[in-house]
$ cat my_file_27.cif   # mmCIF, C-alpha atoms
data_start
#
loop_
_atom_site.label_atom_id
_atom_site.label_comp_id
_atom_site.auth_asym_id
_atom_site.auth_seq_id
_atom_site.Cartn_x
_atom_site.Cartn_y
_atom_site.Cartn_z
CA MET W 1 10.41 77.93 9.84
CA LYS W 2 10.70 80.58 12.51
CA ASP W 3 7.42 82.04 11.49
CA CYS W 4 5.50 78.80 11.21
CA ARG W 5 2.95 78.52 14.00
CA PHE W 6 3.29 74.74 13.87
CA LYS W 7 7.04 74.74 14.45
CA ASP W 8 6.66 73.21 17.92
CA LYS W 9 4.16 70.64 16.72
CA VAL W 10 6.51 68.67 14.52
CA ILE W 11 8.03 66.67 17.37
CA GLU W 12 4.62 66.05 18.85
CA TYR W 13 3.38 64.78 15.53
CA PHE W 14 6.46 62.66 15.00
CA GLU W 15 6.16 61.20 18.48
CA LYS W 16 2.47 60.38 17.80
CA LEU W 17 1.35 62.45 20.75
CA MET W 18 -1.40 64.35 18.98
CA ASP W 19 -5.05 63.53 19.33
CA ASP W 20 -6.96 62.77 16.14
CA LYS W 21 -8.32 66.28 15.73
CA ASP W 22 -4.90 67.99 16.04
CA LYS W 23 -3.37 65.36 13.84
CA ILE W 24 -5.77 66.13 10.96
CA VAL W 25 -5.14 69.84 11.33
CA PHE W 26 -1.37 69.36 11.33
CA GLU W 27 -1.38 66.97 8.38
CA ASN W 28 -3.39 69.46 6.35
CA HIS W 29 -0.87 72.12 7.24
CA LEU W 30 2.05 69.84 6.43
CA LYS W 31 0.96 69.42 2.84
CA ASP W 32 1.65 73.09 2.13
CA CYS W 33 4.45 73.92 4.58
CA SER W 34 7.91 73.17 3.26
CA ALA W 35 9.51 74.29 6.52
CA CYS W 36 7.55 71.72 8.54
CA GLN W 37 8.23 69.07 5.91
CA GLU W 38 11.94 69.79 6.22
CA GLN W 39 11.67 69.73 9.99
CA LEU W 40 9.91 66.40 9.88
CA SER W 41 12.54 65.00 7.55
CA THR W 42 15.26 66.19 9.92
CA MET W 43 13.50 64.47 12.80
CA GLN W 44 13.39 61.21 10.88
CA LYS W 45 17.10 61.48 10.10
CA ILE W 46 17.95 62.13 13.74
CA TYR W 47 16.01 59.07 14.79
CA GLU W 48 17.67 57.02 12.07
CA ILE W 49 21.08 58.16 13.30
CA MET W 50 20.21 57.46 16.91
CA ASP W 51 18.89 54.04 15.96
CA LYS W 52 22.38 53.20 14.70
CA ASP W 53 23.60 53.60 18.24
CA GLU W 54 23.81 49.91 18.96
CA ILE W 55 25.47 48.78 22.12
CA SER W 56 27.38 45.63 22.91
CA LEU W 57 26.32 44.03 26.11
CA PRO W 58 28.98 42.69 28.44
CA GLU W 59 29.75 38.98 28.41
CA LYS W 60 27.44 36.65 30.34
CA GLU W 61 30.17 36.06 32.94
CA PHE W 62 30.10 39.72 33.91
CA PHE W 63 26.48 39.51 35.00
CA GLU W 64 27.02 36.16 36.73
CA ARG W 65 29.99 37.52 38.62
CA LEU W 66 28.09 40.69 39.47
CA LYS W 67 25.13 38.74 40.83
CA ASN W 68 27.38 36.70 43.10
CA ASP W 69 29.49 39.68 44.15
CA ILE W 70 26.42 41.67 45.16
CA ARG W 71 25.24 38.87 47.38
CA ARG W 72 28.68 38.38 48.92
CA LYS W 73 29.13 42.09 49.55
CA GLU W 74 25.70 42.38 51.05
CA VAL W 75 26.17 39.41 53.32
CA TYR W 76 29.18 41.22 54.70
CA VAL W 77 27.43 44.58 54.88
CA LYS W 78 24.14 43.22 56.17
CA LYS W 79 25.67 41.33 59.11
CA PRO W 80 23.94 43.05 62.03
CA ILE W 81 26.18 44.91 64.40
CA TRP W 82 24.79 42.97 67.32
CA LYS W 83 25.96 39.75 65.69
CA ILE W 84 29.49 41.11 65.30
CA PHE W 85 29.29 42.42 68.84
CA GLY W 86 28.09 38.98 69.94
CA ILE W 87 31.32 37.52 68.66
CA LEU W 88 33.52 40.26 70.05
CA ALA W 89 31.74 40.66 73.39
CA PRO W 90 33.24 37.61 75.12
CA VAL W 91 36.72 38.58 73.94
CA LEU W 92 36.19 42.15 75.08
CA GLY W 93 34.73 40.93 78.36
CA ILE W 94 37.78 38.77 79.05
CA LEU W 95 40.12 41.61 78.18
CA ILE W 96 38.25 44.04 80.42
CA PHE W 97 38.22 41.48 83.24
CA ILE W 98 41.98 40.95 82.97
CA VAL W 99 42.67 44.68 82.91
CA LEU W 100 40.35 45.35 85.84
CA VAL W 101 41.68 42.48 87.94
CA ASN W 102 45.25 43.56 87.37
CA PHE W 103 44.39 47.17 88.01
CA ARG W 104 42.55 46.27 91.20
CA LYS W 105 45.43 44.11 92.41
CA GLU W 106 47.84 46.97 91.96
CA GLN W 107 45.50 49.33 93.76
CA SER W 108 44.78 46.96 96.63
CA VAL W 109 48.45 46.46 97.25
CA GLU W 110 49.61 50.01 96.92
CA ILE W 111 46.74 51.99 98.33
CA ALA W 112 44.33 50.01 100.43
CA ILE W 113 46.75 48.16 102.67
CA PRO W 114 48.07 49.97 105.74
CA THR W 115 51.77 49.32 106.26
CA SER W 116 51.26 49.07 110.00
CA TYR W 117 49.74 45.66 109.39
CA PHE W 118 53.04 44.38 108.16
CA THR W 119 54.39 44.45 111.65
CA GLN W 120 51.17 43.23 113.24
CA ASP W 121 50.50 40.25 111.02
CA ALA W 122 52.26 37.17 112.37
CA TYR W 123 52.90 35.46 109.10
CA LEU W 124 54.07 38.60 107.37
CA ASN W 125 56.37 39.34 110.29
CA THR W 126 57.93 35.97 109.90
CA LEU W 127 58.43 36.41 106.22
CA PHE W 128 59.51 39.95 106.54
CA PHE W 129 61.84 39.98 109.47
CA GLU W 130 63.59 36.76 108.66
CA ARG W 131 64.99 38.48 105.62
CA ILE W 132 65.95 41.76 107.23
CA VAL W 133 69.58 42.13 108.10
CA ASP W 134 69.58 45.76 109.15
CA ASN W 135 67.28 47.22 111.78
CA GLY W 136 67.60 50.61 110.16
CA ILE W 137 65.70 49.31 107.19
CA VAL W 138 62.85 48.20 109.46
CA ASN W 139 62.70 51.65 110.92
CA GLN W 140 62.64 53.17 107.47
CA PHE W 141 59.79 50.89 106.58
CA ASN W 142 57.84 51.94 109.64
CA LEU W 143 58.42 55.57 108.74
CA LEU W 144 56.85 54.93 105.37
CA ASP W 145 53.59 54.24 107.16
CA GLU W 146 52.61 57.88 107.09
CA TYR W 147 52.80 58.00 103.31
CA PHE W 148 50.16 55.36 102.81
CA VAL W 149 46.43 55.97 102.66
CA VAL W 150 44.78 53.79 105.24
CA ASP W 151 41.15 53.22 104.42
CA ILE W 152 40.61 49.49 104.53
CA ASP W 153 41.83 48.14 107.80
CA GLU W 154 40.50 44.70 107.17
CA GLY W 155 42.27 44.50 103.86
CA LEU W 156 45.37 42.75 105.05
CA GLN W 157 43.54 40.30 107.26
CA GLU W 158 41.55 39.07 104.30
CA LEU W 159 44.65 38.28 102.28
CA THR W 160 45.65 34.68 101.66
CA THR W 161 49.16 33.51 102.29
CA GLU W 162 49.86 33.60 98.61
CA GLN W 163 48.58 37.15 98.35
CA LYS W 164 50.71 38.22 101.28
CA GLU W 165 53.80 36.83 99.58
CA LYS W 166 52.84 38.64 96.44
CA LEU W 167 52.35 41.80 98.47
CA LEU W 168 55.84 41.60 99.85
CA GLU W 169 57.24 41.02 96.46
CA LEU W 170 55.46 44.06 95.08
CA MET W 171 56.50 46.22 98.00
CA SER W 172 60.10 45.24 97.53
CA LYS W 173 59.90 46.12 93.86
CA LYS W 174 58.44 49.47 94.67
CA TYR W 175 60.66 50.49 97.58
CA GLY W 176 63.86 48.68 96.78
CA GLU W 177 65.55 45.34 97.21
CA GLU W 178 66.70 46.31 100.69
CA PHE W 179 63.28 45.47 102.13
CA LEU W 180 63.85 41.78 101.54
CA MET E 181 7.63 38.47 32.66
CA ASN E 182 5.01 41.04 33.61
CA GLU E 183 4.47 43.27 36.61
CA ASP E 184 2.56 40.54 38.45
CA THR E 185 5.51 38.20 38.06
CA ASP E 186 7.82 40.91 39.34
CA LEU E 187 5.69 41.43 42.41
CA SER E 188 5.39 37.75 43.01
CA LEU E 189 9.18 37.42 42.85
CA VAL E 190 9.65 40.37 45.18
CA ARG E 191 7.27 38.78 47.68
CA LYS E 192 9.06 35.46 47.41
CA TYR E 193 12.39 37.19 48.01
CA LYS E 194 10.95 38.97 51.03
CA ALA E 195 9.79 35.60 52.31
CA GLY E 196 13.38 34.37 52.16
CA GLU E 197 13.57 32.80 48.71
CA GLU E 198 16.95 34.00 47.51
CA ARG E 199 16.46 32.52 44.03
CA ALA E 200 13.70 35.07 43.40
CA PHE E 201 16.29 37.83 43.42
CA ASP E 202 18.31 35.95 40.80
CA MET E 203 15.30 35.93 38.49
CA LEU E 204 14.70 39.63 38.95
CA PHE E 205 18.39 40.29 38.38
CA GLU E 206 18.36 38.26 35.18
CA LYS E 207 15.33 40.13 33.91
CA TYR E 208 16.72 43.60 34.55
CA GLN E 209 20.46 43.11 34.05
CA GLN E 210 20.48 44.02 30.34
CA PRO E 211 18.02 46.93 30.43
CA VAL E 212 19.89 48.45 33.38
CA TYR E 213 23.26 48.06 31.68
CA SER E 214 21.85 49.53 28.45
CA ILE E 215 20.54 52.62 30.19
CA CYS E 216 23.85 53.06 31.96
CA TYR E 217 25.86 52.63 28.78
CA ARG E 218 23.67 54.99 26.79
CA TYR E 219 24.00 57.52 29.58
CA VAL E 220 27.75 57.40 30.26
CA ARG E 221 28.83 56.23 26.78
CA ASN E 222 31.59 53.89 27.90
CA ASP E 223 31.69 50.30 29.01
CA ALA E 224 33.81 50.67 32.15
CA ASP E 225 31.60 53.33 33.72
CA ALA E 226 28.46 51.47 32.60
CA ARG E 227 29.64 48.30 34.38
CA GLU E 228 30.46 50.26 37.52
CA LEU E 229 27.06 51.94 37.45
CA THR E 230 25.27 48.66 36.83
CA GLN E 231 26.96 47.22 39.87
CA ASP E 232 26.05 50.23 42.04
CA ILE E 233 22.44 50.04 40.89
CA PHE E 234 22.04 46.34 41.65
CA VAL E 235 23.69 46.74 45.04
CA LYS E 236 21.08 49.40 45.82
CA ILE E 237 18.29 47.21 44.51
CA TYR E 238 19.47 44.23 46.53
CA ARG E 239 19.94 46.31 49.65
CA ASN E 240 16.51 47.93 49.42
CA LEU E 241 14.40 45.19 47.90
CA LYS E 242 12.86 44.23 51.21
CA LYS E 243 11.79 47.86 51.66
CA PHE E 244 9.99 47.97 48.30
CA ASN E 245 6.47 48.88 49.40
CA GLU E 246 4.62 48.07 46.14
CA LYS E 247 3.23 51.61 45.89
CA SER E 248 4.74 51.92 42.43
CA LYS E 249 5.32 49.36 39.73
CA PHE E 250 8.46 47.34 40.28
CA PHE E 251 10.07 48.31 36.98
CA THR E 252 9.44 51.99 37.82
CA TRP E 253 11.22 51.48 41.12
CA VAL E 254 14.17 49.75 39.44
CA TYR E 255 14.45 52.39 36.74
CA ARG E 256 14.16 55.19 39.27
CA ILE E 257 17.18 53.80 41.11
CA ALA E 258 19.00 53.45 37.80
CA VAL E 259 18.15 56.97 36.65
CA ASN E 260 19.11 58.61 39.94
CA THR E 261 22.36 56.67 40.11
CA CYS E 262 23.24 57.61 36.54
CA ILE E 263 22.37 61.29 36.94
CA SER E 264 24.46 61.61 40.11
CA PHE E 265 27.38 59.72 38.59
CA LYS E 266 30.60 61.64 38.03
CA ARG E 267 31.79 60.36 34.72
CA SER E 268 35.39 59.54 33.91
CA VAL E 269 37.28 61.87 31.64
CA HIS E 270 37.46 60.63 28.08
CA SER E 271 39.44 62.24 25.35
CA GLU E 272 37.48 63.76 22.50
CA ILE E 273 38.18 62.65 18.96
CA VAL E 274 38.03 65.22 16.22
CA LEU E 275 35.29 64.13 13.86
CA ASP E 276 35.67 63.93 10.12
CA CYS E 277 32.28 63.37 8.50
CA SER E 278 33.77 63.23 5.01
CA VAL E 279 35.36 59.79 5.50
CA SER E 280 34.05 57.48 2.77
CA ASN E 281 34.99 54.04 4.16
CA PRO E 282 31.66 52.72 5.57
CA SER E 283 33.04 50.95 8.62
CA GLU E 284 35.22 53.91 9.51
CA ARG E 285 32.32 56.24 8.90
CA ASN E 286 30.12 54.18 11.22
CA LEU E 287 32.75 54.35 13.92
CA ILE E 288 32.98 58.09 13.56
CA LEU E 289 29.21 58.39 13.55
CA LYS E 290 29.08 56.35 16.75
CA LYS E 291 31.61 58.71 18.28
CA ALA E 292 29.53 61.66 17.08
CA ILE E 293 26.48 60.17 18.80
CA ASP E 294 28.58 59.60 21.93
CA ASP E 295 29.74 63.19 21.97
CA ALA E 296 26.30 64.56 21.22
CA LEU E 297 24.69 62.57 24.03
CA VAL E 298 27.49 63.46 26.43
CA LYS E 299 26.78 67.13 25.79
CA LEU E 300 23.11 66.81 26.70
CA PRO E 301 22.11 67.79 30.23
CA GLY E 302 21.48 64.73 32.41
CA ARG E 303 17.69 64.91 32.64
CA GLN E 304 17.21 65.65 28.95
CA LYS E 305 19.48 62.79 28.03
CA MET E 306 17.69 60.40 30.37
CA ALA E 307 14.27 61.42 29.07
CA PHE E 308 15.50 60.81 25.53
CA ILE E 309 17.00 57.40 26.41
CA LEU E 310 13.86 56.24 28.20
CA ARG E 311 11.64 57.42 25.39
CA HIS E 312 13.63 56.55 22.31
CA TYR E 313 15.48 53.41 23.35
CA GLU E 314 13.29 51.99 26.09
CA GLY E 315 9.98 53.08 24.58
CA TYR E 316 8.32 54.37 27.75
CA THR E 317 5.41 56.76 27.67
CA PHE E 318 5.88 60.25 29.06
CA ASP E 319 3.67 59.34 32.01
CA GLU E 320 6.00 56.45 32.83
CA ILE E 321 9.11 58.56 32.26
CA GLY E 322 7.68 61.20 34.59
CA GLU E 323 7.07 58.59 37.25
CA ILE E 324 10.55 57.10 36.87
CA MET E 325 12.27 60.48 36.94
CA GLY E 326 10.08 61.91 39.66
CA ILE E 327 8.79 64.74 37.45
CA SER E 328 5.49 65.51 35.73
CA SER E 329 4.57 63.97 32.42
CA GLY E 330 4.74 67.45 30.85
CA ALA E 331 8.24 68.01 32.22
CA ALA E 332 9.31 64.62 30.87
CA LYS E 333 8.00 65.60 27.44
CA ALA E 334 9.72 68.99 27.61
CA ASN E 335 13.03 67.32 28.53
CA HIS E 336 12.69 64.92 25.64
CA PHE E 337 11.85 67.67 23.15
CA GLN E 338 14.78 69.77 24.36
CA ALA E 339 17.05 66.77 23.88
CA ILE E 340 15.87 66.32 20.29
CA ARG E 341 16.37 70.00 19.52
CA LYS E 342 19.92 69.85 20.86
CA LEU E 343 20.67 66.62 19.03
CA ARG E 344 19.44 68.23 15.82
CA SER E 345 21.97 70.98 16.33
CA LEU E 346 24.81 68.72 17.52
CA LEU E 347 24.39 66.22 14.69
CA LYS E 348 23.69 68.73 11.93
CA ASP E 349 26.74 67.59 9.96
CA TRP E 350 25.29 64.09 9.77
CA ILE E 351 21.77 65.00 8.74
#
$ encode --input "my_file_27.cif" --output "structure tokens"
Amino acid sequence: MKDCRFKDKVIEYFEKLMDDKDKIVFENHLKDCSACQEQLSTMQKIYEIMDKDEISLPEKEFFERLKNDIRRKEVYVKKPIWKIFGILAPVLGILIFIVLVNFRKEQSVEIAIPTSYFTQDAYLNTLFFERIVDNGIVNQFNLLDEYFVVDIDEGLQELTTEQKEKLLELMSKKYGEEFL
Amino acid sequence: MNEDTDLSLVRKYKAGEERAFDMLFEKYQQPVYSICYRYVRNDADARELTQDIFVKIYRNLKKFNEKSKFFTWVYRIAVNTCISFKRSVHSEIVLDCSVSNPSERNLILKKAIDDALVKLPGRQKMAFILRHYEGYTFDEIGEIMGISSGAAKANHFQAIRKLRSLLKDWI
């Protein structure tokens, strides 16, 4: 077989890939070549064996389930990010607003308000001094003035009564119960 | 269902008709599973592959540009998914070709075919499956596998030569 010049033609012949001219030439050769005949017979046997390779298809339910699963999965996957963001955006917005408002409140109380205004604001004075029992504490409070950053002078004047009360409460928390 | 029907269904699906996908799925579910099974030689992996392939088809169907035939596109996805699949480890059974009981012999022969196909390189095996079991021409196989017709033929011939050697005890 090794020496047969047609050894590579057997598969081609078997697979019906030859044109008519080559086919006639090969068939003439085949009549007298035992090696090619044996090769051809082997090919037929291989194909017979491979034809026995039957497969069992999965049950119908598998394909039905698969079809539905694919769609379900894809609906989840295909949901555009902007749609998800559209749902989350209001929630995120509210959260950010709450955080910012709280953060700003803390800042406005602790940084932007000059302590000197505590003694100059009539309503705060009333609230503040009515509760003070020791003048020393007032002096201590006034001394604290230098530790505050004063950059918004109007800040205190713009506060509502409620905010001023809140301010006092926060100051007392920060600098001790003795302020009240 | 011919290529025109396929294209018509694809267009309907693109236009929002979800039922068109169902019809395409029903047409290709068995051929796709068969290719997968013949490639990986076990049901569990074949099911997993079939699922992966249809997810890809569903996900990309709207991008199908009609430059190739629809079945070529489907099979190309199937072939690429199979070839890149990392198969599970299966224990090998020692074959005994001398068993005389026909049913037992058939089982062993089936295992011999399994083992022979598993030993074939991916592209050779796929060329053989597409040619022998699916009956595609080498031009079509080349298009599906993204190789030339000649390369498809060479892969197929190599597969047969190896099968001849691997199954010599059964010939």
$ closest_atom_pairs --input "my_file_27.cif" --of "chain E" --to "chain W" --cutoff "10 Å" --atoms "all atoms listed in the file" --output "tab-separated table"
residue	atom	partner	partner_atom	distance
E:Glu198	CA	W:Arg71	CA	9.6
E:Phe201	CA	W:Lys67	CA	9.3
E:Asp202	CA	W:Lys67	CA	7.4
E:Phe205	CA	W:Lys67	CA	7.3
E:Glu206	CA	W:Phe63	CA	8.2
E:Gln209	CA	W:Phe63	CA	7.1
E:Gln210	CA	W:Leu57	CA	7.2
E:Pro211	CA	W:Leu57	CA	9.8
E:Tyr213	CA	W:Leu57	CA	7.5
E:Ser214	CA	W:Ile55	CA	7.3
E:Tyr217	CA	W:Ile55	CA	7.7
E:Arg218	CA	W:Ile55	CA	8.0
E:Arg221	CA	W:Ile55	CA	9.4
E:Asn222	CA	W:Ile55	CA	9.8
E:Asp223	CA	W:Pro58	CA	8.1
E:Ala226	CA	W:Pro58	CA	9.7
E:Arg227	CA	W:Pro58	CA	8.2
E:Thr230	CA	W:Leu66	CA	8.9
E:Gln231	CA	W:Leu66	CA	6.6
E:Asp232	CA	W:Ile70	CA	9.1
E:Phe234	CA	W:Ile70	CA	7.3
E:Val235	CA	W:Ile70	CA	5.8
E:Lys236	CA	W:Ile70	CA	9.4
E:Ile237	CA	W:Ile70	CA	9.9
E:Tyr238	CA	W:Ile70	CA	7.5
E:Arg239	CA	W:Glu74	CA	7.1
E:Asn286	CA	W:Lys52	CA	8.5
E:Leu289	CA	W:Ile49	CA	8.1
E:Lys290	CA	W:Asp53	CA	6.3
E:Lys291	CA	W:Asp53	CA	9.5
E:Ala292	CA	W:Ile49	CA	9.9
E:Ile293	CA	W:Met50	CA	7.1
E:Asp294	CA	W:Asp53	CA	8.6
E:Leu297	CA	W:Met50	CA	9.8
E:Arg311	CA	W:Glu15	CA	9.6
E:His312	CA	W:Tyr47	CA	8.3
E:Tyr313	CA	W:Asp51	CA	8.2
E:Thr317	CA	W:Leu17	CA	9.8
E:Phe318	CA	W:Leu17	CA	9.7
E:Lys333	CA	W:Glu12	CA	9.2
E:His336	CA	W:Ile11	CA	9.7
E:Phe337	CA	W:Ile11	CA	7.0
E:Ile340	CA	W:Ile46	CA	8.0
E:Arg341	CA	W:Met43	CA	9.2
E:Leu343	CA	W:Ile46	CA	7.5
E:Arg344	CA	W:Ile46	CA	6.6
E:Leu347	CA	W:Ile46	CA	7.7
E:Lys348	CA	W:Ile46	CA	8.9
E:Trp350	CA	W:Ile49	CA	8.1
E:Ile351	CA	W:Lys45	CA	6.0
$ resolve_selection --input "my_file_27.cif" --expression "the PyMOL selection byres ((chain E and resi 320) around 12)" --output "PyMOL selection string"
chain E and resi 248-249+251-253+255-256+307+310-311+314-319+321-333
$ atom_distance --input "my_file_27.cif" --atom1 "atom CA of Phe244 of chain E" --atom2 "atom CA of Arg303 of chain E"
24.3 Å
$ atom_distance --input "my_file_27.cif" --atom1 "atom CA of Lys194 of chain E" --atom2 "atom CA of Asn245 of chain E"
11.0 Å
$ atom_distance --input "my_file_27.cif" --atom1 "atom CA of Gln338 of chain E" --atom2 "atom CA of Asp19 of chain W"
21.4 Å
$ closest_residue --input "my_file_27.cif" --among "E:Ala224, E:Leu241, E:Ala195, E:Ile233" --to "Val259 of chain E" --atoms "only C-alpha atoms"
E:Ile233
$ residues_around --input "my_file_27.cif" --residues "Ala258 of chain E" --least-positions-apart "4" --cutoff "8 Å" --atoms "only C-alpha atoms" --output "PyMOL selection string"
chain E and resi 212+215-216+230+233+254+262
$ write_last_selection --input "my_file_27.cif" --atoms "C-alpha atoms" --output "PDB file, in the coordinates of the input"
ATOM      1  CA  VAL E 212      19.890  48.450  33.380  1.00  0.00           C
ATOM      2  CA  ILE E 215      20.540  52.620  30.190  1.00  0.00           C
ATOM      3  CA  CYS E 216      23.850  53.060  31.960  1.00  0.00           C
ATOM      4  CA  THR E 230      25.270  48.660  36.830  1.00  0.00           C
ATOM      5  CA  ILE E 233      22.440  50.040  40.890  1.00  0.00           C
ATOM      6  CA  VAL E 254      14.170  49.750  39.440  1.00  0.00           C
ATOM      7  CA  CYS E 262      23.240  57.610  36.540  1.00  0.00           C
TER       8      CYS E 262
END
$ closest_residue --input "my_file_27.cif" --among "E:Phe250, E:Asp225, E:Tyr219, E:Ser345" --to "Gln304 of chain E" --atoms "all atoms listed in the file"
E:Tyr219
$ resolve_selection --input "my_file_27.cif" --expression "the PyMOL selection byres ((chain E and resi 187) around 10)" --output "ChimeraX atom specification"
/E:182-186,188-193,204,244,246,249-251
$ resolve_selection --input "my_file_27.cif" --expression "the PyMOL selection byres ((chain W and resi 35) around 9)" --output "MDAnalysis selection string"
chainID W and resid 1:2 4 7 30 33:34 36:40
$ axis_aligned_box --input "my_file_27.cif" --around "segment 298-309 of chain E" --padding-each-side "5 Å" --output "JSON"
{"center_x": 20.9, "center_y": 62.6, "center_z": 29.1, "size_x": 23.2, "size_y": 20.4, "size_z": 17.1}
